[in-house]
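Engineer: Have a look at the structure that comes next, please.
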Amino acid sequence: MKKANSLLLMALFASLVLTSCESSGSQKNKNTSPIQGLSIANPITYEVLIKNPDVEDEWQSECLENTDIKLMSKDVINAVMGGRLKAYDYFDDHLLSKSEIKAILKKNGKENNIGNIQFKEEWYWDKDQLRLQKKVKSLMFGYEICSENKKVRGYRASFVVNLD
C-alpha cells in the first residue's frame, strides 16, 4: 500500500511538473507571432485615460474598472532608472540624465499620479484574417494636474520611452 501511494504521488508530481513546463513554453510562442497585414497607421499617437478624473462619471468608472497599470509603470520607471530603457524629453527629444528623470518623478509622484498614457504605435490590418495588430513604439505617462479643489485640470508630460 505504501509503495502504491508513493508511486501515485510521484506520478502526480511528474504530471504537474510536465504540464507547468508545457504551459510556460506555449505562452512564449503566443507572444512571438510576426506582424502581418497592411500598414494603416505609421505612426499613430493617442492618449488613453487610465484613471477616472471624475468620480461621478459612472461610464468612465465602468470602462476603467479592470485597469491597473501600476505594475507596468513601476517596471518602466525602474527600467529607466536602471538604464535598461532610455527616457527622452517630451518637448525637445534630448536624452534625459538620471538627475532630470529623478526631478520629473519627484515633481509628479512616480506612478501614483499617472492619469493617462500617450502611445505611439504602428497599426497593421490583415484583411484575410480580419485582424488588427498594434506595435507600441513608445509611451509617455501623463501626470494629473489638479486644481485647489482636487479636480483634475489636465495632464503633465513625463518623458518618452521608446520600446523598440
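We name chains A, B, ... following the order of the C-alpha cells; residues begin at 1 in each chain, and ligands are numbered from 1 as shown.
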When DSSP is applied to the backbone of this structure, which of chain A are assigned strand (DSSP E)? Write them out as a PyMOL selection string.

Structural biologist: chain A and resi 38-49+87-88+114-126+131-146+152-162

Engineer: Expressed in Å to a single decimal, how great is the separation between atom CA of Tyr155 of chain A and atom CA of Met140 of chain A?

Structural biologist: 11.2 Å

Engineer: Find the residues near Val48 of chain A: any atom within 7 Å, counting only C-alpha atoms, skip ones fewer than 2 places away on the same chain, and give them as a ChimeraX atom specification.

Structural biologist: /A:46,50,116-118

Engineer: To one decimal place in Å, what is the distance between atom CA of Val160 of chain A and atom CA of His94 of chain A?

Structural biologist: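 Pair atom CA of Val160 of chain A / atom CA of His94 of chain A returns 10.0 Å.
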
Engineer: Atom CA of Gly142 of chain A to atom CA of Asn113 of chain A: how many Å, to one decimal?

Structural biologist: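 Calculated distance between atom CA of Gly142 of chain A and atom CA of Asn113 of chain A is 8.4 Å.
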
Engineer: What's around Val80 of chain A at 9 Å? Count only C-alpha atoms, leave out sequence neighbours fewer than 4 positions away in its own chain, and write the answer as a list in words.

Structural biologist: Asp75, Val76, Arg84, Leu85, Lys86, Ala87, Lys98, Ile101 and Val161 of chain A

Engineer: Can I get the selection written as an mmCIF file, in the first residue's frame, with all heavy atoms?

Structural biologist:
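The resulting file, out.cif, is reproduced below:
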data_model
loop_
_atom_site.group_PDB
_atom_site.id
_atom_site.type_symbol
_atom_site.label_atom_id
_atom_site.label_comp_id
_atom_site.auth_asym_id
_atom_site.auth_seq_id
_atom_site.Cartn_x
_atom_site.Cartn_y
_atom_site.Cartn_z
ATOM 1 N N ASP A 75 7.566 49.001 -13.473
ATOM 2 C CA ASP A 75 8.586 48.313 -14.270
ATOM 3 C C ASP A 75 9.281 49.283 -15.232
ATOM 4 O O ASP A 75 10.508 49.251 -15.377
ATOM 5 C CB ASP A 75 7.976 47.158 -15.065
ATOM 6 C CG ASP A 75 7.611 45.962 -14.204
ATOM 7 O OD1 ASP A 75 8.042 45.912 -13.031
ATOM 8 O OD2 ASP A 75 6.885 45.079 -14.703
ATOM 9 N N VAL A 76 8.508 50.137 -15.889
ATOM 10 C CA VAL A 76 9.089 51.093 -16.838
ATOM 11 C C VAL A 76 9.977 52.085 -16.091
ATOM 12 O O VAL A 76 11.113 52.352 -16.499
ATOM 13 C CB VAL A 76 7.980 51.823 -17.641
ATOM 14 C CG1 VAL A 76 8.552 53.000 -18.416
ATOM 15 C CG2 VAL A 76 7.282 50.852 -18.579
ATOM 16 N N ARG A 84 18.052 50.329 -18.325
ATOM 17 C CA ARG A 84 17.620 49.345 -19.326
ATOM 18 C C ARG A 84 16.759 49.973 -20.420
ATOM 19 O O ARG A 84 16.698 49.473 -21.535
ATOM 20 C CB ARG A 84 16.867 48.201 -18.655
ATOM 21 C CG ARG A 84 17.798 47.321 -17.851
ATOM 22 C CD ARG A 84 17.122 46.142 -17.162
ATOM 23 N NE ARG A 84 16.047 45.550 -17.890
ATOM 24 C CZ ARG A 84 14.886 45.189 -17.342
ATOM 25 N NH1 ARG A 84 14.667 45.367 -16.055
ATOM 26 N NH2 ARG A 84 13.939 44.633 -18.062
ATOM 27 N N LEU A 85 16.049 51.050 -20.075
ATOM 28 C CA LEU A 85 15.296 51.833 -21.048
ATOM 29 C C LEU A 85 15.791 53.276 -20.988
ATOM 30 O O LEU A 85 16.163 53.747 -19.908
ATOM 31 C CB LEU A 85 13.787 51.813 -20.736
ATOM 32 C CG LEU A 85 13.024 50.528 -21.002
ATOM 33 C CD1 LEU A 85 11.586 50.653 -20.504
ATOM 34 C CD2 LEU A 85 13.026 50.184 -22.491
ATOM 35 N N LYS A 86 15.768 53.950 -22.114
ATOM 36 C CA LYS A 86 16.187 55.344 -22.155
ATOM 37 C C LYS A 86 14.954 56.237 -22.152
ATOM 38 O O LYS A 86 13.942 55.916 -22.774
ATOM 39 C CB LYS A 86 17.028 55.606 -23.404
ATOM 40 C CG LYS A 86 18.348 54.875 -23.355
ATOM 41 C CD LYS A 86 19.172 55.136 -24.580
ATOM 42 C CE LYS A 86 20.488 54.381 -24.427
ATOM 43 N NZ LYS A 86 21.306 54.434 -25.587
ATOM 44 N N ALA A 87 15.071 57.357 -21.445
ATOM 45 C CA ALA A 87 13.987 58.333 -21.366
ATOM 46 C C ALA A 87 14.398 59.597 -22.106
ATOM 47 O O ALA A 87 15.531 60.067 -21.971
ATOM 48 C CB ALA A 87 13.666 58.641 -19.910
ATOM 49 N N LYS A 98 19.953 60.989 -15.455
ATOM 50 C CA LYS A 98 19.312 60.385 -14.287
ATOM 51 C C LYS A 98 18.779 61.459 -13.339
ATOM 52 O O LYS A 98 17.698 61.309 -12.785
ATOM 53 C CB LYS A 98 20.301 59.469 -13.561
ATOM 54 C CG LYS A 98 19.621 58.471 -12.641
ATOM 55 C CD LYS A 98 20.592 57.453 -12.100
ATOM 56 C CE LYS A 98 20.273 56.138 -12.748
ATOM 57 N NZ LYS A 98 20.992 55.023 -12.176
ATOM 58 N N ILE A 101 15.516 62.828 -14.721
ATOM 59 C CA ILE A 101 14.439 61.854 -14.528
ATOM 60 C C ILE A 101 13.970 61.867 -13.078
ATOM 61 O O ILE A 101 12.760 61.889 -12.802
ATOM 62 C CB ILE A 101 14.904 60.437 -14.938
ATOM 63 C CG1 ILE A 101 15.228 60.399 -16.424
ATOM 64 C CG2 ILE A 101 13.847 59.399 -14.584
ATOM 65 C CD1 ILE A 101 16.024 59.195 -16.865
ATOM 66 N N VAL A 161 9.466 57.081 -23.568
ATOM 67 C CA VAL A 161 10.265 55.851 -23.506
ATOM 68 C C VAL A 161 10.012 55.072 -24.791
ATOM 69 O O VAL A 161 8.871 54.703 -25.088
ATOM 70 C CB VAL A 161 9.878 54.997 -22.278
ATOM 71 C CG1 VAL A 161 10.646 53.688 -22.265
ATOM 72 C CG2 VAL A 161 10.081 55.767 -20.988
#

Engineer: Given only C-alpha atoms as the basis, pick out the residue of A:Glu122, A:Glu148, A:Asp89, A:Asp164 nearest to Leu38 of chain A.

Structural biologist: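 Using only C-alpha atoms, Leu38 of chain A sits closest to A:Glu122.
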
Engineer: Identify, on the basis of only C-alpha atoms, every residue whose closest approach to Ile40 of chain A does not exceed 8 Å; exclude the query and any residue fewer than 6 positions from it along the same chain; express the result as a PyMOL selection string.

Structural biologist: chain A and resi 122-125

Engineer: So that I can check the secondary structure, give me every residue of chain A assigned alpha helix (DSSP H) by backbone DSSP, as a ChimeraX atom specification.

Structural biologist: /A:2-30,58-64,70-82,98-108

Engineer: Just the residues within 10 Å of Val55 of chain A, please, counting only C-alpha atoms, with nothing from its chain fewer than 5 positions along; format it as a count of residues only.

Structural biologist: 3

Engineer: Could you tell me which of A:Ser158, A:Ser33, A:Ser39, A:Thr67 comes closest to Lys107 of chain A if we count only C-alpha atoms?

Structural biologist: A:Ser158

Engineer: Give me the residues near Asn112 of chain A as a PyMOL selection string, where near means some atom within 10 Å (using only C-alpha atoms) and where sequence neighbours in that chain fewer than 3 positions away do not count.

Structural biologist: chain A and resi 70+73-74+108-109+115+143-144

Engineer: Output N, CA, C and O atoms for every residue in the selection just made, as a tab-separated table (two decimals), in the first residue's frame.

Structural biologist:
chain	number	residue	atom	x	y	z
A	70	LYS	N	-0.24	50.02	-12.51
A	70	LYS	CA	0.84	50.30	-11.55
A	70	LYS	C	2.03	49.36	-11.75
A	70	LYS	O	3.17	49.80	-11.66
A	73	SER	N	3.86	50.56	-14.90
A	73	SER	CA	4.52	51.85	-14.70
A	73	SER	C	5.72	51.71	-13.78
A	73	SER	O	6.77	52.32	-14.03
A	74	LYS	N	5.61	50.88	-12.75
A	74	LYS	CA	6.77	50.63	-11.87
A	74	LYS	C	7.90	49.99	-12.65
A	74	LYS	O	9.07	50.37	-12.50
A	108	ASN	N	6.23	64.85	-9.85
A	108	ASN	CA	4.94	64.27	-10.23
A	108	ASN	C	4.44	63.14	-9.35
A	108	ASN	O	3.29	62.75	-9.46
A	109	GLY	N	5.29	62.55	-8.52
A	109	GLY	CA	4.82	61.50	-7.63
A	109	GLY	C	4.93	60.09	-8.17
A	109	GLY	O	4.06	59.27	-7.92
A	115	GLY	N	-2.36	59.59	-14.77
A	115	GLY	CA	-3.77	59.58	-15.13
A	115	GLY	C	-4.03	59.15	-16.56
A	115	GLY	O	-5.13	58.73	-16.90
A	143	TYR	N	0.90	62.86	-16.02
A	143	TYR	CA	0.61	63.03	-14.59
A	143	TYR	C	-0.51	64.04	-14.40
A	143	TYR	O	-0.53	65.09	-15.07
A	144	GLU	N	-1.41	63.72	-13.50
A	144	GLU	CA	-2.55	64.60	-13.24
A	144	GLU	C	-2.10	65.96	-12.70
A	144	GLU	O	-1.23	66.03	-11.83

Engineer: Select, from A:Arg156, A:Leu130, A:Lys135, A:Ile114, the residue with the minimum atom-to-atom distance to Pro53 of chain A, counting only C-alpha atoms.

Structural biologist: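 Distance minimum relative to Pro53 of chain A lands on A:Ile114.
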
Engineer: Calculated over only C-alpha atoms, which of the candidates A:Lys137, A:Lys150, A:Lys127, A:Lys110 has the smallest distance to Asn42 of chain A?

Structural biologist: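 Among the listed residues, A:Lys137 lies closest to Asn42 of chain A.
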